[in-house]
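**Student:** My structure file run.pdb, PDB, C-alpha atoms and all ligand atoms, is below:
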```pdb
MODEL        1
ATOM      1  CA  MET T 202      -5.759  40.802   4.948  1.00  0.00           C
ATOM      2  CA  SER T 203      -5.779  42.355   8.383  1.00  0.00           C
ATOM      3  CA  LYS T 204      -2.362  43.843   9.023  1.00  0.00           C
ATOM      4  CA  LEU T 205      -0.447  43.675  12.252  1.00  0.00           C
ATOM      5  CA  ARG T 206       0.059  47.310  13.238  1.00  0.00           C
ATOM      6  CA  GLU T 207       3.401  46.645  14.933  1.00  0.00           C
ATOM      7  CA  TYR T 208       4.992  46.174  11.497  1.00  0.00           C
ATOM      8  CA  VAL T 209       3.764  49.497  10.146  1.00  0.00           C
ATOM      9  CA  ILE T 210       6.468  52.132  10.545  1.00  0.00           C
ATOM     10  CA  PRO T 211       5.418  55.783  10.361  1.00  0.00           C
ATOM     11  CA  PHE T 212       8.564  57.325   8.935  1.00  0.00           C
ATOM     12  CA  THR T 213       7.463  60.934   8.404  1.00  0.00           C
ATOM     13  CA  GLY T 214       8.146  61.931  11.992  1.00  0.00           C
ATOM     14  CA  LEU T 215      11.511  60.190  12.189  1.00  0.00           C
ATOM     15  CA  SER T 216      14.684  62.221  12.424  1.00  0.00           C
ATOM     16  CA  ILE T 217      17.325  61.968   9.733  1.00  0.00           C
ATOM     17  CA  GLY T 218      19.680  59.130  10.624  1.00  0.00           C
ATOM     18  CA  LYS T 219      19.563  55.541  11.809  1.00  0.00           C
ATOM     19  CA  HIS T 220      16.733  53.922  13.754  1.00  0.00           C
ATOM     20  CA  THR T 221      16.794  50.318  14.933  1.00  0.00           C
ATOM     21  CA  TYR T 222      13.733  48.111  15.352  1.00  0.00           C
ATOM     22  CA  GLU T 223      13.408  44.580  16.665  1.00  0.00           C
ATOM     23  CA  PHE T 224      10.638  42.125  15.957  1.00  0.00           C
ATOM     24  CA  ASP T 225       9.960  38.658  17.304  1.00  0.00           C
ATOM     25  CA  ILE T 226       8.307  36.656  14.588  1.00  0.00           C
ATOM     26  CA  ASP T 227       6.222  33.686  15.630  1.00  0.00           C
ATOM     27  CA  LYS T 228       3.134  31.709  14.659  1.00  0.00           C
ATOM     28  CA  LYS T 229       0.922  34.794  14.903  1.00  0.00           C
ATOM     29  CA  PHE T 230       2.883  36.469  12.106  1.00  0.00           C
ATOM     30  CA  PHE T 231       2.579  33.511   9.748  1.00  0.00           C
ATOM     31  CA  ASP T 232      -1.110  33.078  10.571  1.00  0.00           C
ATOM     32  CA  VAL T 233      -1.688  36.580   9.211  1.00  0.00           C
ATOM     33  CA  TYR T 234       0.787  36.735   6.329  1.00  0.00           C
ATOM     34  CA  GLY T 235       0.828  33.169   5.077  1.00  0.00           C
ATOM     35  CA  THR T 236       1.819  29.668   6.111  1.00  0.00           C
ATOM     36  CA  GLU T 237       2.850  28.249   2.718  1.00  0.00           C
ATOM     37  CA  LEU T 238       6.548  28.142   3.579  1.00  0.00           C
ATOM     38  CA  ILE T 239       6.564  28.312   7.367  1.00  0.00           C
ATOM     39  CA  HIS T 240       3.665  27.794   9.760  1.00  0.00           C
ATOM     40  CA  SER T 241       5.446  28.622  13.011  1.00  0.00           C
ATOM     41  CA  GLY T 242       8.819  29.443  14.492  1.00  0.00           C
ATOM     42  CA  GLN T 243      10.832  31.816  16.648  1.00  0.00           C
ATOM     43  CA  ILE T 244      12.681  34.297  14.465  1.00  0.00           C
ATOM     44  CA  LYS T 245      14.219  37.579  15.537  1.00  0.00           C
ATOM     45  CA  VAL T 246      14.250  40.341  12.942  1.00  0.00           C
ATOM     46  CA  ILE T 247      16.401  43.425  13.324  1.00  0.00           C
ATOM     47  CA  LEU T 248      15.741  46.365  11.068  1.00  0.00           C
ATOM     48  CA  ASP T 249      18.142  49.260  10.709  1.00  0.00           C
ATOM     49  CA  LEU T 250      16.258  52.090   9.064  1.00  0.00           C
ATOM     50  CA  THR T 251      18.396  54.945   7.830  1.00  0.00           C
ATOM     51  CA  LYS T 252      16.427  58.011   6.879  1.00  0.00           C
ATOM     52  CA  SER T 253      17.906  60.594   4.551  1.00  0.00           C
ATOM     53  CA  ALA T 254      16.355  63.661   2.920  1.00  0.00           C
ATOM     54  CA  ASN T 255      14.667  61.848   0.056  1.00  0.00           C
ATOM     55  CA  MET T 256      14.933  58.120   0.701  1.00  0.00           C
ATOM     56  CA  LEU T 257      14.965  55.369   3.288  1.00  0.00           C
ATOM     57  CA  LEU T 258      17.466  52.539   3.532  1.00  0.00           C
ATOM     58  CA  LEU T 259      16.084  49.430   5.207  1.00  0.00           C
ATOM     59  CA  GLU T 260      18.591  46.806   6.307  1.00  0.00           C
ATOM     60  CA  PHE T 261      17.000  43.614   7.576  1.00  0.00           C
ATOM     61  CA  SER T 262      18.636  40.693   9.297  1.00  0.00           C
ATOM     62  CA  HIS T 263      16.816  37.705  10.679  1.00  0.00           C
ATOM     63  CA  SER T 264      17.850  34.613  12.594  1.00  0.00           C
ATOM     64  CA  GLY T 265      16.081  31.930  14.547  1.00  0.00           C
ATOM     65  CA  VAL T 266      14.356  28.628  14.061  1.00  0.00           C
ATOM     66  CA  PHE T 267      11.218  27.479  12.314  1.00  0.00           C
ATOM     67  CA  ASN T 268       9.071  24.418  12.860  1.00  0.00           C
ATOM     68  CA  THR T 269       8.756  21.880  10.130  1.00  0.00           C
ATOM     69  CA  GLU T 270       8.794  18.168   9.419  1.00  0.00           C
ATOM     70  CA  CYS T 271      12.000  16.272   8.831  1.00  0.00           C
ATOM     71  CA  ASP T 272      12.120  15.334   5.140  1.00  0.00           C
ATOM     72  CA  ARG T 273      13.572  11.972   6.121  1.00  0.00           C
ATOM     73  CA  CYS T 274      11.463  10.768   9.045  1.00  0.00           C
ATOM     74  CA  LEU T 275       8.537  13.248   9.094  1.00  0.00           C
ATOM     75  CA  ASN T 276       9.357  13.998  12.732  1.00  0.00           C
ATOM     76  CA  ASP T 277       8.485  17.495  14.029  1.00  0.00           C
ATOM     77  CA  ILE T 278      11.747  19.404  14.130  1.00  0.00           C
ATOM     78  CA  GLU T 279      13.197  22.902  14.401  1.00  0.00           C
ATOM     79  CA  MET T 280      15.440  24.116  11.612  1.00  0.00           C
ATOM     80  CA  PRO T 281      17.732  27.161  11.859  1.00  0.00           C
ATOM     81  CA  ILE T 282      17.102  30.058   9.524  1.00  0.00           C
ATOM     82  CA  GLU T 283      18.952  33.321   8.913  1.00  0.00           C
ATOM     83  CA  GLY T 284      19.547  35.976   6.303  1.00  0.00           C
ATOM     84  CA  LYS T 285      20.259  39.604   5.492  1.00  0.00           C
ATOM     85  CA  ASN T 286      18.496  41.871   3.009  1.00  0.00           C
ATOM     86  CA  LYS T 287      18.551  45.486   1.968  1.00  0.00           C
ATOM     87  CA  VAL T 288      15.818  47.634   0.485  1.00  0.00           C
ATOM     88  CA  VAL T 289      15.895  51.245  -0.661  1.00  0.00           C
ATOM     89  CA  ILE T 290      12.628  53.150  -0.425  1.00  0.00           C
ATOM     90  CA  LYS T 291      12.279  55.988  -2.911  1.00  0.00           C
ATOM     91  CA  PHE T 292       9.401  58.364  -3.419  1.00  0.00           C
ATOM     92  CA  GLY T 293       7.701  59.358  -6.620  1.00  0.00           C
ATOM     93  CA  THR T 294       5.050  58.318  -9.035  1.00  0.00           C
ATOM     94  CA  GLU T 295       7.058  56.413 -11.625  1.00  0.00           C
ATOM     95  CA  SER T 296       7.634  52.755 -10.973  1.00  0.00           C
ATOM     96  CA  GLY T 297      10.243  52.454 -13.723  1.00  0.00           C
ATOM     97  CA  ASP T 298      13.212  51.993 -11.434  1.00  0.00           C
ATOM     98  CA  GLU T 299      11.426  49.604  -9.122  1.00  0.00           C
ATOM     99  CA  SER T 300      13.350  46.379  -8.604  1.00  0.00           C
ATOM    100  CA  GLU T 301      13.989  43.819  -5.938  1.00  0.00           C
ATOM    101  CA  GLU T 302      16.142  46.241  -3.994  1.00  0.00           C
ATOM    102  CA  ILE T 303      14.191  49.420  -4.679  1.00  0.00           C
ATOM    103  CA  VAL T 304      10.616  50.077  -3.644  1.00  0.00           C
ATOM    104  CA  VAL T 305       8.927  53.256  -4.868  1.00  0.00           C
ATOM    105  CA  LEU T 306       6.244  54.730  -2.636  1.00  0.00           C
ATOM    106  CA  PRO T 307       3.907  57.606  -3.568  1.00  0.00           C
ATOM    107  CA  THR T 308       5.251  61.016  -2.522  1.00  0.00           C
ATOM    108  CA  GLU T 309       2.424  61.466  -0.036  1.00  0.00           C
ATOM    109  CA  ALA T 310       3.163  58.149   1.736  1.00  0.00           C
ATOM    110  CA  HIS T 311       3.892  58.573   5.434  1.00  0.00           C
ATOM    111  CA  GLU T 312       4.221  54.989   6.645  1.00  0.00           C
ATOM    112  CA  ILE T 313       5.394  51.631   5.377  1.00  0.00           C
ATOM    113  CA  ASP T 314       4.192  48.157   6.246  1.00  0.00           C
ATOM    114  CA  ILE T 315       7.353  46.094   6.423  1.00  0.00           C
ATOM    115  CA  ALA T 316       5.603  42.793   7.188  1.00  0.00           C
ATOM    116  CA  PRO T 317       5.407  41.704   3.513  1.00  0.00           C
ATOM    117  CA  LEU T 318       9.143  42.427   3.168  1.00  0.00           C
ATOM    118  CA  ILE T 319       9.941  40.407   6.281  1.00  0.00           C
ATOM    119  CA  TYR T 320       7.750  37.580   5.005  1.00  0.00           C
ATOM    120  CA  GLU T 321       9.526  37.595   1.654  1.00  0.00           C
ATOM    121  CA  PHE T 322      13.015  37.759   3.147  1.00  0.00           C
ATOM    122  CA  ILE T 323      12.357  34.923   5.579  1.00  0.00           C
ATOM    123  CA  GLY T 324      10.716  32.957   2.782  1.00  0.00           C
ATOM    124  CA  ILE T 325      13.710  33.110   0.459  1.00  0.00           C
ATOM    125  CA  THR T 326      15.991  31.671   3.159  1.00  0.00           C
ATOM    126  CA  VAL T 327      13.841  28.650   3.943  1.00  0.00           C
ATOM    127  CA  PRO T 328      16.079  25.693   3.110  1.00  0.00           C
ATOM    128  CA  TYR T 329      14.856  23.436   0.335  1.00  0.00           C
ATOM    129  CA  ARG T 330      16.011  20.303   2.120  1.00  0.00           C
ATOM    130  CA  ARG T 331      14.787  20.106   5.696  1.00  0.00           C
ATOM    131  CA  VAL T 332      16.868  17.498   7.483  1.00  0.00           C
ATOM    132  CA  PRO T 333      18.680  18.331  10.732  1.00  0.00           C
ATOM    133  CA  ALA T 334      22.418  17.596  10.890  1.00  0.00           C
ATOM    134  CA  ASP T 335      22.018  14.777  13.415  1.00  0.00           C
ATOM    135  CA  CYS T 336      19.605  12.996  11.095  1.00  0.00           C
ATOM    136  CA  ASP T 337      21.809  13.242   8.056  1.00  0.00           C
ATOM    137  CA  GLU T 338      23.595   9.908   8.212  1.00  0.00           C
ATOM    138  CA  THR T 339      22.555   6.495   6.987  1.00  0.00           C
ATOM    139  CA  ASP T 340      21.936   4.986  10.421  1.00  0.00           C
ATOM    140  CA  LYS T 341      20.826   8.101  12.306  1.00  0.00           C
ATOM    141  CA  TYR T 342      17.311   9.490  12.489  1.00  0.00           C
ATOM    142  CA  CYS T 343      15.766  12.234  14.604  1.00  0.00           C
ATOM    143  CA  ASP T 344      12.717  10.043  15.127  1.00  0.00           C
ATOM    144  CA  THR T 345      14.048   6.894  16.797  1.00  0.00           C
ATOM    145  CA  GLU T 346      10.904   4.861  16.286  1.00  0.00           C
ATOM    146  CA  ILE T 347      10.850   5.442  12.551  1.00  0.00           C
ATOM    147  CA  GLY T 348      14.635   5.093  12.445  1.00  0.00           C
ATOM    148  CA  ASN T 349      14.422   1.668  14.077  1.00  0.00           C
ATOM    149  CA  ARG T 350      11.722   0.627  11.687  1.00  0.00           C
ATOM    150  CA  LEU T 351      13.757   1.757   8.687  1.00  0.00           C
ATOM    151  CA  SER T 352      16.885   0.053  10.043  1.00  0.00           C
ATOM    152  CA  GLY T 353      14.770  -3.037  10.660  1.00  0.00           C
ATOM    153  CA  ILE T 354      13.650  -3.136   7.056  1.00  0.00           C
ATOM    154  CA  ILE T 355      17.238  -2.866   5.900  1.00  0.00           C
ATOM    155  CA  LEU T 356      18.396  -5.554   8.384  1.00  0.00           C
ATOM    156  CA  THR T 357      15.623  -7.947   7.419  1.00  0.00           C
ATOM    157  CA  GLY T 358      16.683  -7.628   3.832  1.00  0.00           C
ATOM    158  CA  ASP T 359      20.310  -8.350   4.654  1.00  0.00           C
ATOM    159  CA  ASP T 360      19.570 -11.214   7.030  1.00  0.00           C
ATOM    160  CA  GLU T 361      17.103 -13.081   4.892  1.00  0.00           C
ATOM    161  CA  GLU T 362      19.405 -16.067   4.443  1.00  0.00           C
ATOM    162  CA  ASP T 363      20.228 -16.236   8.150  1.00  0.00           C
ATOM    163  CA  GLU T 364      16.561 -16.439   9.019  1.00  0.00           C
ATOM    164  CA  ILE T 365      16.032 -19.449   6.806  1.00  0.00           C
ATOM    165  CA  ALA T 366      19.178 -21.230   7.998  1.00  0.00           C
ATOM    166  CA  GLU T 367      19.089 -23.171  11.282  1.00  0.00           C
ATOM    167  CA  PRO T 368      20.588 -21.024  14.070  1.00  0.00           C
ATOM    168  CA  GLU T 369      24.010 -22.254  15.175  1.00  0.00           C
ATOM    169  CA  PRO T 370      23.767 -23.631  18.766  1.00  0.00           C
ATOM    170  CA  ASP T 371      26.137 -22.050  21.257  1.00  0.00           C
ATOM    171  CA  PRO T 372      28.583 -24.877  22.237  1.00  0.00           C
ATOM    172  CA  ARG T 373      28.655 -23.725  25.894  1.00  0.00           C
ATOM    173  CA  TRP T 374      24.900 -24.044  26.227  1.00  0.00           C
ATOM    174  CA  GLN T 375      24.997 -27.366  24.458  1.00  0.00           C
ATOM    175  CA  LYS T 376      27.518 -28.690  26.998  1.00  0.00           C
ATOM    176  CA  LEU T 377      25.363 -27.536  29.918  1.00  0.00           C
ATOM    177  CA  LYS T 378      22.329 -29.049  28.343  1.00  0.00           C
ATOM    178  CA  ASN T 379      24.090 -32.405  27.980  1.00  0.00           C
ATOM    179  CA  LEU T 380      25.103 -32.314  31.644  1.00  0.00           C
ATOM    180  CA  LEU T 381      21.548 -31.627  32.729  1.00  0.00           C
ATOM    181  CA  ASP T 382      20.270 -34.407  30.525  1.00  0.00           C
ATOM    182  CA  ASP T 383      22.765 -36.828  32.083  1.00  0.00           C
ATOM    183  CA  ASN T 384      21.658 -35.858  35.580  1.00  0.00           C
ATOM    184  CA  ASN T 385      18.072 -36.467  34.697  1.00  0.00           C
ATOM    185  CA  ASN T 386      18.758 -40.162  34.236  1.00  0.00           C
ATOM    186  CA  ASP T 387      15.886 -40.034  31.882  1.00  0.00           C
ATOM    187  CA  ASN T 388      18.204 -40.347  28.945  1.00  0.00           C
ATOM    188  CA  LYS T 389      16.309 -39.606  25.855  1.00  0.00           C
ATOM    189  CA  SER T 390      18.885 -39.644  23.086  1.00  0.00           C
ATOM    190  CA  LYS T 391      20.189 -36.125  22.864  1.00  0.00           C
ATOM    191  CA  LYS T 392      22.648 -36.411  20.003  1.00  0.00           C
ATOM    192  CA  GLU T 393      22.429 -33.524  17.598  1.00  0.00           C
TER     193      GLU T 393
HETATM  194 ZN    ZN B   1      14.864  13.044  10.626  1.00  0.00          ZN
ENDMDL
END
```
Would you kindly transcribe this structure into structure tokens?
**Tutor:**
Amino acid sequence: MSKLREYVIPFTGLSIGKHTYEFDIDKKFFDVYGTELIHSGQIKVILDLTKSANMLLLEFSHSGVFNTECDRCLNDIEMPIEGKNKVVIKFGTESGDESEEIVVLPTEAHEIDIAPLIYEFIGITVPYRRVPADCDETDKYCDTEIGNRLSGIILTGDDEEDEIAEPEPDPRWQKLKNLLDDNNNDNKSKKE
């Protein structure tokens, strides 16, 4: 996997204290690191890196939108996404205390590729159900064409009896029609 260098942070030369980084995640990022969960989007990631004598604290927050299909109408939509995560980087050889929040790097490590962390943190906040709010009601759809078709199917079902029954003539039109027929003097019997 060819890494994107912009996500590799050389921490050896950093001063003790807090350093802030900003990243704009888009399609290029997912093309490199994986498109299983998201294939494209516009997501801002802010990383606060706090360096102390023997460890690093990485505080990530991300927010933005990603492109997907609406689960209901398969329309291309943008869904909001956001989250916050914290990772502690320790140094040593043992991996015994490694967990979700703690990453152990070899003592000689001088840089860290944070792209896999960003990918993971964005990934765990991808909503399971992808339906925008304005498409989340029985008679509302974000794709109007499909919405109309779905509504049509429902209407046809409900109106089945009406379609078979003779449509009721509008009495006003009937009156006009009778008048016209009278004027025509060609009186075919028009009783209905
Ligand atoms: Zn929809």
**Student:** Could you give me, as CSV, every chain T residue with an atom at most 8 Å from ligand ZN 1 (chain B), plus its closest atom pair and distance in Å to one decimal, counting all atoms listed in the file, rows ordered by chain then number?
**Tutor:**
```
residue,atom,partner,partner_atom,distance
T:Cys271,CA,B:ZN1,ZN,4.7
T:Asp272,CA,B:ZN1,ZN,6.5
T:Arg273,CA,B:ZN1,ZN,4.8
T:Cys274,CA,B:ZN1,ZN,4.4
T:Leu275,CA,B:ZN1,ZN,6.5
T:Asn276,CA,B:ZN1,ZN,6.0
T:Ile278,CA,B:ZN1,ZN,7.9
T:Val332,CA,B:ZN1,ZN,5.8
T:Pro333,CA,B:ZN1,ZN,6.5
T:Asp335,CA,B:ZN1,ZN,7.9
T:Cys336,CA,B:ZN1,ZN,4.8
T:Asp337,CA,B:ZN1,ZN,7.4
T:Lys341,CA,B:ZN1,ZN,7.9
T:Tyr342,CA,B:ZN1,ZN,4.7
T:Cys343,CA,B:ZN1,ZN,4.2
T:Asp344,CA,B:ZN1,ZN,5.8
```
**Student:** Stretch 202-243 of chain T near stretch 308-320 of chain T within 8 Å: what's each residue's closest atom pair and its distance in Å to one decimal, counting only C-alpha atoms, ordered by chain then ascending residue number, as a Markdown table?
**Tutor:**
```
| residue | atom | partner | partner_atom | distance |
| --- | --- | --- | --- | --- |
| T:Leu205 | CA | T:Ala316 | CA | 7.9 |
| T:Tyr208 | CA | T:Ala316 | CA | 5.5 |
| T:Val209 | CA | T:Asp314 | CA | 4.1 |
| T:Ile210 | CA | T:Ile313 | CA | 5.3 |
| T:Pro211 | CA | T:Glu312 | CA | 4.0 |
| T:Phe212 | CA | T:Glu312 | CA | 5.4 |
| T:Thr213 | CA | T:His311 | CA | 5.2 |
| T:Tyr234 | CA | T:Tyr320 | CA | 7.1 |
```
**Student:** Compile the contact shell of T:Tyr329 as a VMD selection string: residues with an atom at most 12 Å away, counting only C-alpha atoms, same-chain residues fewer than 6 positions apart removed.
**Tutor:** chain T and resid 238 to 239 269 271 to 272 280 282
**Student:** Name the closest residue to T:Tyr222 among the candidates T:Val305, T:Leu257, T:Leu250, T:Ile323; distances are taken between atoms, counting only C-alpha atoms.
**Tutor:**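 Closest candidate: T:Leu250.
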**Student:** Evaluate the PyMOL selection byres (((chain T and resi 231) around 12) and not hetatm) on the structure here and hand back the selected residues as a PyMOL selection string.
**Tutor:** chain T and resi 204-205+225-230+232-244+267-268+316-317+319-321+323-324
**Student:** One number please: atom CA of T:Ile217 to atom CA of T:Thr294, in Å, one decimal.
**Tutor:** 22.7 Å
**Student:** So how far away is atom CA of T:Pro307 from atom CA of T:Gly293, in Å?
**Tutor:**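 Separation between atom CA of T:Gly293 and atom CA of T:Pro307: 5.2 Å.
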**Student:** Suppose a student applies the PyMOL selection byres (((chain T and resi 289) around 12) and not hetatm) to this structure; what residues should they get, written as a VMD selection string?
**Tutor:** chain T and resid 249 to 253 255 to 261 286 to 288 290 to 292 298 to 306 318
**Student:** For a test of reading the model, state the distance in Å between atom CA of T:His263 and atom CA of T:Glu207, rounded to one decimal.
**Tutor:**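 About the pair atom CA of T:His263 and atom CA of T:Glu207: they are 16.7 Å apart.
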**Student:** First collect every listed atom of stretch 330-341 of chain T; then fit an axis-aligned box around them, widen it by 3 Å on each side, and give centre and edge lengths in Å to one decimal, as AutoDock Vina command-line options.
**Tutor:**
```
--center_x 19.2 --center_y 12.6 --center_z 7.8 --size_x 14.8 --size_y 21.3 --size_z 17.3
```
